[in-house]
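S.K.: Data: final-v5.json, JSON, N, CA, C and O atoms.
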[["chain", "number", "residue", "atom", "x", "y", "z"],
["A", 19, "MET", "N", 68.56, -9.58, -15.45],
["A", 19, "MET", "CA", 67.32, -8.88, -15.20],
["A", 19, "MET", "C", 66.21, -9.65, -15.89],
["A", 19, "MET", "O", 66.22, -9.82, -17.09],
["A", 20, "SER", "N", 65.26, -10.08, -15.13],
["A", 20, "SER", "CA", 64.22, -10.94, -15.68],
["A", 20, "SER", "C", 62.96, -10.19, -16.08],
["A", 20, "SER", "O", 62.12, -10.73, -16.77],
["A", 21, "GLU", "N", 62.81, -8.96, -15.65],
["A", 21, "GLU", "CA", 61.59, -8.23, -15.93],
["A", 21, "GLU", "C", 61.76, -7.29, -17.11],
["A", 21, "GLU", "O", 62.84, -6.81, -17.38],
["A", 22, "GLU", "N", 60.67, -7.06, -17.82],
["A", 22, "GLU", "CA", 60.64, -6.06, -18.88],
["A", 22, "GLU", "C", 60.23, -4.74, -18.25],
["A", 22, "GLU", "O", 59.35, -4.69, -17.39],
["A", 23, "TYR", "N", 60.85, -3.66, -18.68],
["A", 23, "TYR", "CA", 60.50, -2.34, -18.18],
["A", 23, "TYR", "C", 59.79, -1.56, -19.26],
["A", 23, "TYR", "O", 60.20, -1.58, -20.41],
["A", 24, "GLU", "N", 58.72, -0.88, -18.89],
["A", 24, "GLU", "CA", 58.01, -0.03, -19.84],
["A", 24, "GLU", "C", 58.78, 1.28, -19.95],
["A", 24, "GLU", "O", 59.05, 1.95, -18.96],
["A", 25, "ARG", "N", 59.15, 1.62, -21.15],
["A", 25, "ARG", "CA", 59.97, 2.80, -21.39],
["A", 25, "ARG", "C", 59.13, 4.08, -21.26],
["A", 25, "ARG", "O", 58.01, 4.15, -21.70],
["A", 26, "THR", "N", 59.72, 5.09, -20.66],
["A", 26, "THR", "CA", 59.10, 6.39, -20.54],
["A", 26, "THR", "C", 60.13, 7.46, -20.87],
["A", 26, "THR", "O", 61.31, 7.31, -20.55],
["A", 27, "GLU", "N", 59.72, 8.49, -21.52],
["A", 27, "GLU", "CA", 60.63, 9.58, -21.88],
["A", 27, "GLU", "C", 60.84, 10.55, -20.72],
["A", 27, "GLU", "O", 61.69, 11.44, -20.82],
["A", 28, "LEU", "N", 60.10, 10.40, -19.65],
["A", 28, "LEU", "CA", 60.23, 11.32, -18.52],
["A", 28, "LEU", "C", 61.61, 11.28, -17.88],
["A", 28, "LEU", "O", 62.04, 12.25, -17.27],
["A", 29, "LEU", "N", 62.31, 10.15, -18.00],
["A", 29, "LEU", "CA", 63.61, 10.00, -17.37],
["A", 29, "LEU", "C", 64.77, 10.32, -18.31],
["A", 29, "LEU", "O", 65.92, 10.38, -17.89],
["A", 30, "ALA", "N", 64.47, 10.51, -19.59],
["A", 30, "ALA", "CA", 65.52, 10.72, -20.58],
["A", 30, "ALA", "C", 66.36, 11.95, -20.24],
["A", 30, "ALA", "O", 65.85, 12.99, -19.83],
["A", 31, "LYS", "N", 67.66, 11.78, -20.38],
["A", 31, "LYS", "CA", 68.65, 12.85, -20.17],
["A", 31, "LYS", "C", 68.70, 13.36, -18.75],
["A", 31, "LYS", "O", 69.21, 14.44, -18.49],
["A", 32, "LYS", "N", 68.18, 12.61, -17.80],
["A", 32, "LYS", "CA", 68.25, 12.97, -16.38],
["A", 32, "LYS", "C", 69.34, 12.15, -15.71],
["A", 32, "LYS", "O", 69.64, 11.03, -16.12],
["A", 33, "GLN", "N", 69.95, 12.73, -14.68],
["A", 33, "GLN", "CA", 70.99, 12.02, -13.93],
["A", 33, "GLN", "C", 70.45, 11.59, -12.58],
["A", 33, "GLN", "O", 69.82, 12.38, -11.88],
["A", 34, "PHE", "N", 70.75, 10.33, -12.24],
["A", 34, "PHE", "CA", 70.25, 9.72, -11.02],
["A", 34, "PHE", "C", 71.40, 9.20, -10.17],
["A", 34, "PHE", "O", 72.39, 8.69, -10.68],
["A", 35, "SER", "N", 71.23, 9.32, -8.89],
["A", 35, "SER", "CA", 72.15, 8.71, -7.93],
["A", 35, "SER", "C", 71.28, 8.06, -6.87],
["A", 35, "SER", "O", 70.11, 8.40, -6.73],
["A", 36, "PHE", "N", 71.82, 7.10, -6.14],
["A", 36, "PHE", "CA", 71.05, 6.54, -5.05],
["A", 36, "PHE", "C", 71.93, 6.20, -3.87],
["A", 36, "PHE", "O", 73.14, 6.09, -3.96],
["A", 37, "THR", "N", 71.25, 6.09, -2.74],
["A", 37, "THR", "CA", 71.90, 5.81, -1.48],
["A", 37, "THR", "C", 71.02, 4.85, -0.68],
["A", 37, "THR", "O", 69.80, 4.87, -0.82],
["A", 38, "GLY", "N", 71.64, 4.00, 0.10],
["A", 38, "GLY", "CA", 70.90, 3.06, 0.94],
["A", 38, "GLY", "C", 70.65, 1.73, 0.25],
["A", 38, "GLY", "O", 71.14, 1.47, -0.85],
["A", 39, "ASN", "N", 69.88, 0.88, 0.91],
["A", 39, "ASN", "CA", 69.52, -0.45, 0.39],
["A", 39, "ASN", "C", 68.08, -0.44, -0.07],
["A", 39, "ASN", "O", 67.24, 0.29, 0.47],
["A", 40, "PHE", "N", 67.78, -1.30, -1.03],
["A", 40, "PHE", "CA", 66.45, -1.38, -1.61],
["A", 40, "PHE", "C", 65.93, -2.80, -1.51],
["A", 40, "PHE", "O", 66.64, -3.75, -1.80],
["A", 41, "ASN", "N", 64.67, -2.95, -1.11],
["A", 41, "ASN", "CA", 64.08, -4.27, -0.91],
["A", 41, "ASN", "C", 63.53, -4.87, -2.19],
["A", 41, "ASN", "O", 63.60, -6.07, -2.39],
["A", 42, "GLN", "N", 62.96, -4.07, -3.07],
["A", 42, "GLN", "CA", 62.26, -4.58, -4.24],
["A", 42, "GLN", "C", 63.18, -4.83, -5.44],
["A", 42, "GLN", "O", 62.93, -5.74, -6.22],
["A", 43, "LEU", "N", 64.20, -4.03, -5.62],
["A", 43, "LEU", "CA", 65.11, -4.15, -6.76],
["A", 43, "LEU", "C", 66.55, -4.08, -6.28],
["A", 43, "LEU", "O", 66.85, -3.40, -5.30],
["A", 44, "SER", "N", 67.42, -4.73, -7.01],
["A", 44, "SER", "CA", 68.85, -4.60, -6.71],
["A", 44, "SER", "C", 69.35, -3.30, -7.31],
["A", 44, "SER", "O", 68.68, -2.69, -8.16],
["A", 45, "ARG", "N", 70.51, -2.87, -6.93],
["A", 45, "ARG", "CA", 71.11, -1.66, -7.50],
["A", 45, "ARG", "C", 71.33, -1.83, -9.00],
["A", 45, "ARG", "O", 71.11, -0.89, -9.77],
["A", 46, "ASP", "N", 71.72, -3.02, -9.43],
["A", 46, "ASP", "CA", 71.92, -3.27, -10.86],
["A", 46, "ASP", "C", 70.60, -3.15, -11.62],
["A", 46, "ASP", "O", 70.57, -2.63, -12.74],
["A", 47, "GLU", "N", 69.50, -3.62, -11.03],
["A", 47, "GLU", "CA", 68.20, -3.49, -11.67],
["A", 47, "GLU", "C", 67.76, -2.03, -11.75],
["A", 47, "GLU", "O", 67.19, -1.60, -12.75],
["A", 48, "LEU", "N", 68.04, -1.27, -10.69],
["A", 48, "LEU", "CA", 67.73, 0.17, -10.73],
["A", 48, "LEU", "C", 68.52, 0.86, -11.83],
["A", 48, "LEU", "O", 67.97, 1.66, -12.59],
["A", 49, "LYS", "N", 69.81, 0.56, -11.91],
["A", 49, "LYS", "CA", 70.65, 1.16, -12.96],
["A", 49, "LYS", "C", 70.14, 0.79, -14.34],
["A", 49, "LYS", "O", 70.09, 1.65, -15.24],
["A", 50, "ALA", "N", 69.74, -0.46, -14.54],
["A", 50, "ALA", "CA", 69.24, -0.91, -15.84],
["A", 50, "ALA", "C", 67.95, -0.19, -16.20],
["A", 50, "ALA", "O", 67.76, 0.21, -17.36],
["A", 51, "SER", "N", 67.07, 0.00, -15.24],
["A", 51, "SER", "CA", 65.82, 0.70, -15.49],
["A", 51, "SER", "C", 66.07, 2.15, -15.88],
["A", 51, "SER", "O", 65.43, 2.69, -16.78],
["A", 52, "ILE", "N", 67.00, 2.78, -15.21],
["A", 52, "ILE", "CA", 67.36, 4.16, -15.53],
["A", 52, "ILE", "C", 67.92, 4.23, -16.95],
["A", 52, "ILE", "O", 67.50, 5.07, -17.75],
["A", 53, "LYS", "N", 68.83, 3.34, -17.27],
["A", 53, "LYS", "CA", 69.47, 3.35, -18.58],
["A", 53, "LYS", "C", 68.48, 3.08, -19.71],
["A", 53, "LYS", "O", 68.50, 3.74, -20.74],
["A", 54, "VAL", "N", 67.59, 2.11, -19.51],
["A", 54, "VAL", "CA", 66.61, 1.74, -20.54],
["A", 54, "VAL", "C", 65.68, 2.92, -20.85],
["A", 54, "VAL", "O", 65.15, 3.02, -21.94],
["A", 55, "ASN", "N", 65.53, 3.81, -19.90],
["A", 55, "ASN", "CA", 64.67, 4.97, -20.08],
["A", 55, "ASN", "C", 65.44, 6.23, -20.46],
["A", 55, "ASN", "O", 64.90, 7.34, -20.39],
["A", 56, "GLY", "N", 66.70, 6.06, -20.86],
["A", 56, "GLY", "CA", 67.47, 7.18, -21.35],
["A", 56, "GLY", "C", 68.14, 8.03, -20.30],
["A", 56, "GLY", "O", 68.73, 9.06, -20.60],
["A", 57, "GLY", "N", 68.06, 7.60, -19.04],
["A", 57, "GLY", "CA", 68.71, 8.33, -17.96],
["A", 57, "GLY", "C", 70.13, 7.84, -17.75],
["A", 57, "GLY", "O", 70.59, 6.91, -18.41],
["A", 58, "LYS", "N", 70.82, 8.48, -16.84],
["A", 58, "LYS", "CA", 72.21, 8.13, -16.55],
["A", 58, "LYS", "C", 72.38, 8.00, -15.04],
["A", 58, "LYS", "O", 71.95, 8.87, -14.28],
["A", 59, "PHE", "N", 73.04, 6.91, -14.61],
["A", 59, "PHE", "CA", 73.37, 6.72, -13.20],
["A", 59, "PHE", "C", 74.72, 7.37, -12.94],
["A", 59, "PHE", "O", 75.67, 7.19, -13.70],
["A", 60, "VAL", "N", 74.81, 8.15, -11.88],
["A", 60, "VAL", "CA", 76.08, 8.74, -11.46],
["A", 60, "VAL", "C", 76.34, 8.36, -10.01],
["A", 60, "VAL", "O", 75.41, 8.29, -9.20],
["A", 61, "LYS", "N", 77.58, 8.06, -9.70],
["A", 61, "LYS", "CA", 77.93, 7.61, -8.34],
["A", 61, "LYS", "C", 77.86, 8.73, -7.32],
["A", 61, "LYS", "O", 77.40, 8.54, -6.21],
["A", 62, "LYS", "N", 78.34, 9.90, -7.70],
["A", 62, "LYS", "CA", 78.43, 11.02, -6.75],
["A", 62, "LYS", "C", 77.35, 12.06, -7.04],
["A", 62, "LYS", "O", 77.08, 12.39, -8.18],
["A", 63, "VAL", "N", 76.77, 12.57, -5.99],
["A", 63, "VAL", "CA", 75.79, 13.65, -6.10],
["A", 63, "VAL", "C", 76.53, 14.94, -6.42],
["A", 63, "VAL", "O", 77.56, 15.24, -5.84],
["A", 64, "SER", "N", 76.01, 15.68, -7.41],
["A", 64, "SER", "CA", 76.60, 16.96, -7.78],
["A", 64, "SER", "C", 75.49, 17.91, -8.21],
["A", 64, "SER", "O", 74.30, 17.55, -8.17],
["A", 65, "THR", "N", 75.86, 19.07, -8.67],
["A", 65, "THR", "CA", 74.86, 20.03, -9.14],
["A", 65, "THR", "C", 74.14, 19.52, -10.38],
["A", 65, "THR", "O", 73.07, 20.00, -10.72],
["A", 66, "ARG", "N", 74.70, 18.54, -11.05],
["A", 66, "ARG", "CA", 74.09, 17.97, -12.26],
["A", 66, "ARG", "C", 73.14, 16.80, -11.94],
["A", 66, "ARG", "O", 72.46, 16.31, -12.84],
["A", 67, "THR", "N", 73.09, 16.36, -10.69],
["A", 67, "THR", "CA", 72.21, 15.25, -10.30],
["A", 67, "THR", "C", 70.77, 15.75, -10.25],
["A", 67, "THR", "O", 70.47, 16.70, -9.54],
["A", 68, "ASP", "N", 69.91, 15.11, -11.03],
["A", 68, "ASP", "CA", 68.50, 15.51, -11.06],
["A", 68, "ASP", "C", 67.68, 14.83, -9.98],
["A", 68, "ASP", "O", 66.76, 15.42, -9.43],
["A", 69, "PHE", "N", 68.00, 13.56, -9.69],
["A", 69, "PHE", "CA", 67.23, 12.79, -8.72],
["A", 69, "PHE", "C", 68.14, 11.98, -7.82],
["A", 69, "PHE", "O", 69.05, 11.31, -8.30],
["A", 70, "LEU", "N", 67.88, 12.02, -6.52],
["A", 70, "LEU", "CA", 68.54, 11.16, -5.56],
["A", 70, "LEU", "C", 67.50, 10.18, -5.06],
["A", 70, "LEU", "O", 66.49, 10.57, -4.46],
["A", 71, "ILE", "N", 67.71, 8.89, -5.33],
["A", 71, "ILE", "CA", 66.78, 7.85, -4.90],
["A", 71, "ILE", "C", 67.28, 7.31, -3.57],
["A", 71, "ILE", "O", 68.40, 6.83, -3.47],
["A", 72, "VAL", "N", 66.45, 7.40, -2.55],
["A", 72, "VAL", "CA", 66.87, 7.07, -1.19],
["A", 72, "VAL", "C", 66.23, 5.76, -0.74],
["A", 72, "VAL", "O", 65.01, 5.62, -0.73],
["A", 73, "GLY", "N", 67.09, 4.81, -0.38],
["A", 73, "GLY", "CA", 66.64, 3.54, 0.18],
["A", 73, "GLY", "C", 66.79, 3.56, 1.69],
["A", 73, "GLY", "O", 67.04, 4.60, 2.29],
["A", 74, "VAL", "N", 66.68, 2.41, 2.28],
["A", 74, "VAL", "CA", 66.83, 2.27, 3.73],
["A", 74, "VAL", "C", 68.31, 2.45, 4.08],
["A", 74, "VAL", "O", 69.17, 1.77, 3.53],
["A", 75, "GLN", "N", 68.57, 3.35, 5.00],
["A", 75, "GLN", "CA", 69.95, 3.61, 5.42],
["A", 75, "GLN", "C", 70.36, 2.60, 6.48],
["A", 75, "GLN", "O", 69.73, 2.50, 7.52],
["A", 76, "VAL", "N", 71.41, 1.84, 6.19],
["A", 76, "VAL", "CA", 71.87, 0.80, 7.12],
["A", 76, "VAL", "C", 73.33, 0.96, 7.51],
["A", 76, "VAL", "O", 73.82, 0.24, 8.36],
["A", 77, "ALA", "N", 74.01, 1.91, 6.90],
["A", 77, "ALA", "CA", 75.43, 2.10, 7.20],
["A", 77, "ALA", "C", 75.61, 2.59, 8.63],
["A", 77, "ALA", "O", 74.76, 3.27, 9.19],
["A", 78, "ARG", "N", 76.73, 2.25, 9.20],
["A", 78, "ARG", "CA", 77.02, 2.67, 10.58],
["A", 78, "ARG", "C", 77.71, 4.03, 10.62],
["A", 78, "ARG", "O", 77.82, 4.63, 11.67],
["A", 79, "ASN", "N", 78.17, 4.49, 9.46],
["A", 79, "ASN", "CA", 78.91, 5.75, 9.43],
["A", 79, "ASN", "C", 78.08, 6.90, 8.86],
["A", 79, "ASN", "O", 78.60, 7.76, 8.19],
["A", 80, "LEU", "N", 76.79, 6.91, 9.16],
["A", 80, "LEU", "CA", 75.92, 7.98, 8.68],
["A", 80, "LEU", "C", 76.33, 9.30, 9.31],
["A", 80, "LEU", "O", 76.66, 9.36, 10.49],
["A", 81, "LYS", "N", 76.29, 10.37, 8.53],
["A", 81, "LYS", "CA", 76.80, 11.67, 8.97],
["A", 81, "LYS", "C", 76.13, 12.20, 10.23],
["A", 81, "LYS", "O", 76.78, 12.73, 11.10],
["A", 82, "ASP", "N", 74.81, 12.07, 10.31],
["A", 82, "ASP", "CA", 74.11, 12.59, 11.48],
["A", 82, "ASP", "C", 73.36, 11.49, 12.23],
["A", 82, "ASP", "O", 72.47, 11.76, 13.02],
["A", 83, "GLY", "N", 73.70, 10.25, 11.93],
["A", 83, "GLY", "CA", 73.05, 9.13, 12.58],
["A", 83, "GLY", "C", 71.88, 8.55, 11.81],
["A", 83, "GLY", "O", 71.45, 7.45, 12.08],
["A", 84, "SER", "N", 71.34, 9.31, 10.84],
["A", 84, "SER", "CA", 70.22, 8.79, 10.07],
["A", 84, "SER", "C", 70.25, 9.14, 8.59],
["A", 84, "SER", "O", 69.46, 8.61, 7.82],
["A", 85, "HIS", "N", 71.16, 10.00, 8.15],
["A", 85, "HIS", "CA", 71.23, 10.42, 6.76],
["A", 85, "HIS", "C", 72.63, 10.19, 6.18],
["A", 85, "HIS", "O", 73.63, 10.47, 6.85],
["A", 86, "SER", "N", 72.67, 9.73, 4.94],
["A", 86, "SER", "CA", 73.96, 9.55, 4.27],
["A", 86, "SER", "C", 74.50, 10.91, 3.83],
["A", 86, "SER", "O", 73.77, 11.91, 3.79],
["A", 87, "SER", "N", 75.77, 10.96, 3.49],
["A", 87, "SER", "CA", 76.35, 12.21, 3.01],
["A", 87, "SER", "C", 75.68, 12.65, 1.71],
["A", 87, "SER", "O", 75.52, 13.84, 1.46],
["A", 88, "ALA", "N", 75.24, 11.69, 0.88],
["A", 88, "ALA", "CA", 74.53, 12.03, -0.35],
["A", 88, "ALA", "C", 73.22, 12.75, -0.03],
["A", 88, "ALA", "O", 72.88, 13.75, -0.68],
["A", 89, "GLN", "N", 72.49, 12.27, 0.96],
["A", 89, "GLN", "CA", 71.23, 12.90, 1.34],
["A", 89, "GLN", "C", 71.47, 14.31, 1.87],
["A", 89, "GLN", "O", 70.72, 15.22, 1.55],
["A", 90, "LEU", "N", 72.49, 14.47, 2.66],
["A", 90, "LEU", "CA", 72.75, 15.77, 3.26],
["A", 90, "LEU", "C", 73.25, 16.78, 2.24],
["A", 90, "LEU", "O", 72.98, 17.97, 2.35],
["A", 91, "SER", "N", 73.96, 16.32, 1.22],
["A", 91, "SER", "CA", 74.51, 17.26, 0.24],
["A", 91, "SER", "C", 73.55, 17.52, -0.91],
["A", 91, "SER", "O", 73.65, 18.55, -1.57],
["A", 92, "TYR", "N", 72.60, 16.64, -1.17],
["A", 92, "TYR", "CA", 71.74, 16.78, -2.35],
["A", 92, "TYR", "C", 70.98, 18.11, -2.40],
["A", 92, "TYR", "O", 71.07, 18.80, -3.39],
["A", 93, "PRO", "N", 70.26, 18.51, -1.36],
["A", 93, "PRO", "CA", 69.53, 19.78, -1.47],
["A", 93, "PRO", "C", 70.48, 20.96, -1.66],
["A", 93, "PRO", "O", 70.14, 21.93, -2.32],
["A", 94, "LEU", "N", 71.67, 20.87, -1.13],
["A", 94, "LEU", "CA", 72.63, 21.97, -1.23],
["A", 94, "LEU", "C", 73.23, 22.08, -2.63],
["A", 94, "LEU", "O", 73.69, 23.13, -3.03],
["A", 95, "THR", "N", 73.24, 20.98, -3.36],
["A", 95, "THR", "CA", 73.83, 21.01, -4.70],
["A", 95, "THR", "C", 72.84, 21.46, -5.75],
["A", 95, "THR", "O", 73.23, 21.80, -6.86],
["A", 96, "ARG", "N", 71.56, 21.42, -5.45],
["A", 96, "ARG", "CA", 70.54, 21.78, -6.45],
["A", 96, "ARG", "C", 70.50, 23.28, -6.65],
["A", 96, "ARG", "O", 70.48, 24.04, -5.70],
["A", 97, "THR", "N", 70.50, 23.70, -7.91],
["A", 97, "THR", "CA", 70.49, 25.12, -8.22],
["A", 97, "THR", "C", 69.13, 25.61, -8.70],
["A", 97, "THR", "O", 68.91, 26.78, -8.85],
["A", 98, "ASN", "N", 68.21, 24.67, -9.01],
["A", 98, "ASN", "CA", 66.88, 25.09, -9.45],
["A", 98, "ASN", "C", 65.80, 24.33, -8.75],
["A", 98, "ASN", "O", 65.98, 23.50, -8.00]]
Kindly return the structure encoded in the file as structure tokens.

M.R.:
Amino acid sequence: MSEEYERTELLAKKQFSFTGNFNQLSRDELKASIKVNGGKFVKKVSTRTDFLIVGVQVARNLKDGSHSSAQLSYPLTRTN
């Protein structure tokens, strides 16, 4: 990772997941940015996931043709 990230407490103790591809940052860079700010990356969306970061969906096995299973389940898992 070649860039410095400005730390913010807004992400501390939050859980993040992501789906899709990203043009500006790699997945590893996204994970590093989350970690440097005190957040945690989780692979699976659950009721404990605070944020789902959505990139461009390119998979051929999308559940409804345009949304990943993470996107479709995220609103249903949120309790607040």

S.K.: Rank nothing, just name the residue among A:Thr37, A:Gln42, A:Thr67, A:Thr26 nearest to Ser87 of chain A, using only C-alpha atoms.

M.R.: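 When distances to Ser87 of chain A are compared using only C-alpha atoms, the smallest one comes from A:Thr37.
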
S.K.: Quick one: pick out all helix (DSSP H, G or I) residues within chain A from a backbone DSSP run and write them as a ChimeraX atom specification.

M.R.: /A:27-29,45-54,87-95

S.K.: Grab all the atoms of segment 29-40 of chain A that the file lists, wrap them in a box along x, y and z, add 8 Å per side, and give me centre plus edge lengths in Å (one decimal) as lines of an AutoDock Vina configuration file.

M.R.:
center_x = 67.7
center_y = 5.3
center_z = -9.8
size_x = 26.8
size_y = 34.2
size_z = 37.5

S.K.: Using only C-alpha atoms, which of the listed residues (A:Val76, A:Val63, A:Ala30, A:Ile71) sits closest to Ala88 of chain A?

M.R.: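 The closest residue to Ala88 of chain A is A:Val63.
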
S.K.: Compare A:Ser91, A:Asn39, A:Asn55, A:Gln33 by their minimum atom-to-atom distance to Gln75 of chain A, counting all atoms listed in the file, and give me the closest one.

M.R.: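 Of A:Ser91, A:Asn39, A:Asn55, A:Gln33, the one nearest Gln75 of chain A, counting all atoms listed in the file, is A:Asn39.
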
S.K.: Nearest residue to Ser35 of chain A out of A:Leu80, A:Val60, A:Leu48, A:Val54, using only C-alpha atoms?

M.R.: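 Checking each candidate against Ser35 of chain A, we get A:Val60 as the closest.
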
S.K.: So that I can check the secondary structure, give me every residue of chain A assigned strand (DSSP E) by backbone DSSP, as a list in words.

M.R.: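 Here is the list: Gln33, Phe34, Ser35, Phe36, Thr37, Lys58, Phe59, Phe69, Leu70, Ile71 and Val72 of chain A.
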
S.K.: Select all residues near (77.8, 8.3, -14.3) (cut-off 12 Å, inclusive, file coordinates), counting only C-alpha atoms, and output them as number ranges by chain.

M.R.: A: 31-36, 49, 52-53, 57-64, 66-67

S.K.: Would you save the residues of that selection, restricted to N, CA, C and O atoms, as a CSV table (one decimal), in the coordinates of the input?

M.R.:
chain,number,residue,atom,x,y,z
A,31,LYS,N,67.7,11.8,-20.4
A,31,LYS,CA,68.6,12.8,-20.2
A,31,LYS,C,68.7,13.4,-18.8
A,31,LYS,O,69.2,14.4,-18.5
A,32,LYS,N,68.2,12.6,-17.8
A,32,LYS,CA,68.2,13.0,-16.4
A,32,LYS,C,69.3,12.2,-15.7
A,32,LYS,O,69.6,11.0,-16.1
A,33,GLN,N,70.0,12.7,-14.7
A,33,GLN,CA,71.0,12.0,-13.9
A,33,GLN,C,70.4,11.6,-12.6
A,33,GLN,O,69.8,12.4,-11.9
A,34,PHE,N,70.8,10.3,-12.2
A,34,PHE,CA,70.2,9.7,-11.0
A,34,PHE,C,71.4,9.2,-10.2
A,34,PHE,O,72.4,8.7,-10.7
A,35,SER,N,71.2,9.3,-8.9
A,35,SER,CA,72.2,8.7,-7.9
A,35,SER,C,71.3,8.1,-6.9
A,35,SER,O,70.1,8.4,-6.7
A,36,PHE,N,71.8,7.1,-6.1
A,36,PHE,CA,71.0,6.5,-5.0
A,36,PHE,C,71.9,6.2,-3.9
A,36,PHE,O,73.1,6.1,-4.0
A,49,LYS,N,69.8,0.6,-11.9
A,49,LYS,CA,70.6,1.2,-13.0
A,49,LYS,C,70.1,0.8,-14.3
A,49,LYS,O,70.1,1.6,-15.2
A,52,ILE,N,67.0,2.8,-15.2
A,52,ILE,CA,67.4,4.2,-15.5
A,52,ILE,C,67.9,4.2,-17.0
A,52,ILE,O,67.5,5.1,-17.8
A,53,LYS,N,68.8,3.3,-17.3
A,53,LYS,CA,69.5,3.4,-18.6
A,53,LYS,C,68.5,3.1,-19.7
A,53,LYS,O,68.5,3.7,-20.7
A,57,GLY,N,68.1,7.6,-19.0
A,57,GLY,CA,68.7,8.3,-18.0
A,57,GLY,C,70.1,7.8,-17.8
A,57,GLY,O,70.6,6.9,-18.4
A,58,LYS,N,70.8,8.5,-16.8
A,58,LYS,CA,72.2,8.1,-16.6
A,58,LYS,C,72.4,8.0,-15.0
A,58,LYS,O,72.0,8.9,-14.3
A,59,PHE,N,73.0,6.9,-14.6
A,59,PHE,CA,73.4,6.7,-13.2
A,59,PHE,C,74.7,7.4,-12.9
A,59,PHE,O,75.7,7.2,-13.7
A,60,VAL,N,74.8,8.2,-11.9
A,60,VAL,CA,76.1,8.7,-11.5
A,60,VAL,C,76.3,8.4,-10.0
A,60,VAL,O,75.4,8.3,-9.2
A,61,LYS,N,77.6,8.1,-9.7
A,61,LYS,CA,77.9,7.6,-8.3
A,61,LYS,C,77.9,8.7,-7.3
A,61,LYS,O,77.4,8.5,-6.2
A,62,LYS,N,78.3,9.9,-7.7
A,62,LYS,CA,78.4,11.0,-6.8
A,62,LYS,C,77.4,12.1,-7.0
A,62,LYS,O,77.1,12.4,-8.2
A,63,VAL,N,76.8,12.6,-6.0
A,63,VAL,CA,75.8,13.6,-6.1
A,63,VAL,C,76.5,14.9,-6.4
A,63,VAL,O,77.6,15.2,-5.8
A,64,SER,N,76.0,15.7,-7.4
A,64,SER,CA,76.6,17.0,-7.8
A,64,SER,C,75.5,17.9,-8.2
A,64,SER,O,74.3,17.6,-8.2
A,66,ARG,N,74.7,18.5,-11.0
A,66,ARG,CA,74.1,18.0,-12.3
A,66,ARG,C,73.1,16.8,-11.9
A,66,ARG,O,72.5,16.3,-12.8
A,67,THR,N,73.1,16.4,-10.7
A,67,THR,CA,72.2,15.2,-10.3
A,67,THR,C,70.8,15.8,-10.2
A,67,THR,O,70.5,16.7,-9.5

S.K.: As an exercise, work out the distance from atom CA of Tyr92 of chain A to atom CA of Val72 of chain A in Å and give it to one decimal place.

M.R.: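 Atom CA of Tyr92 of chain A sits 10.9 Å away from atom CA of Val72 of chain A.
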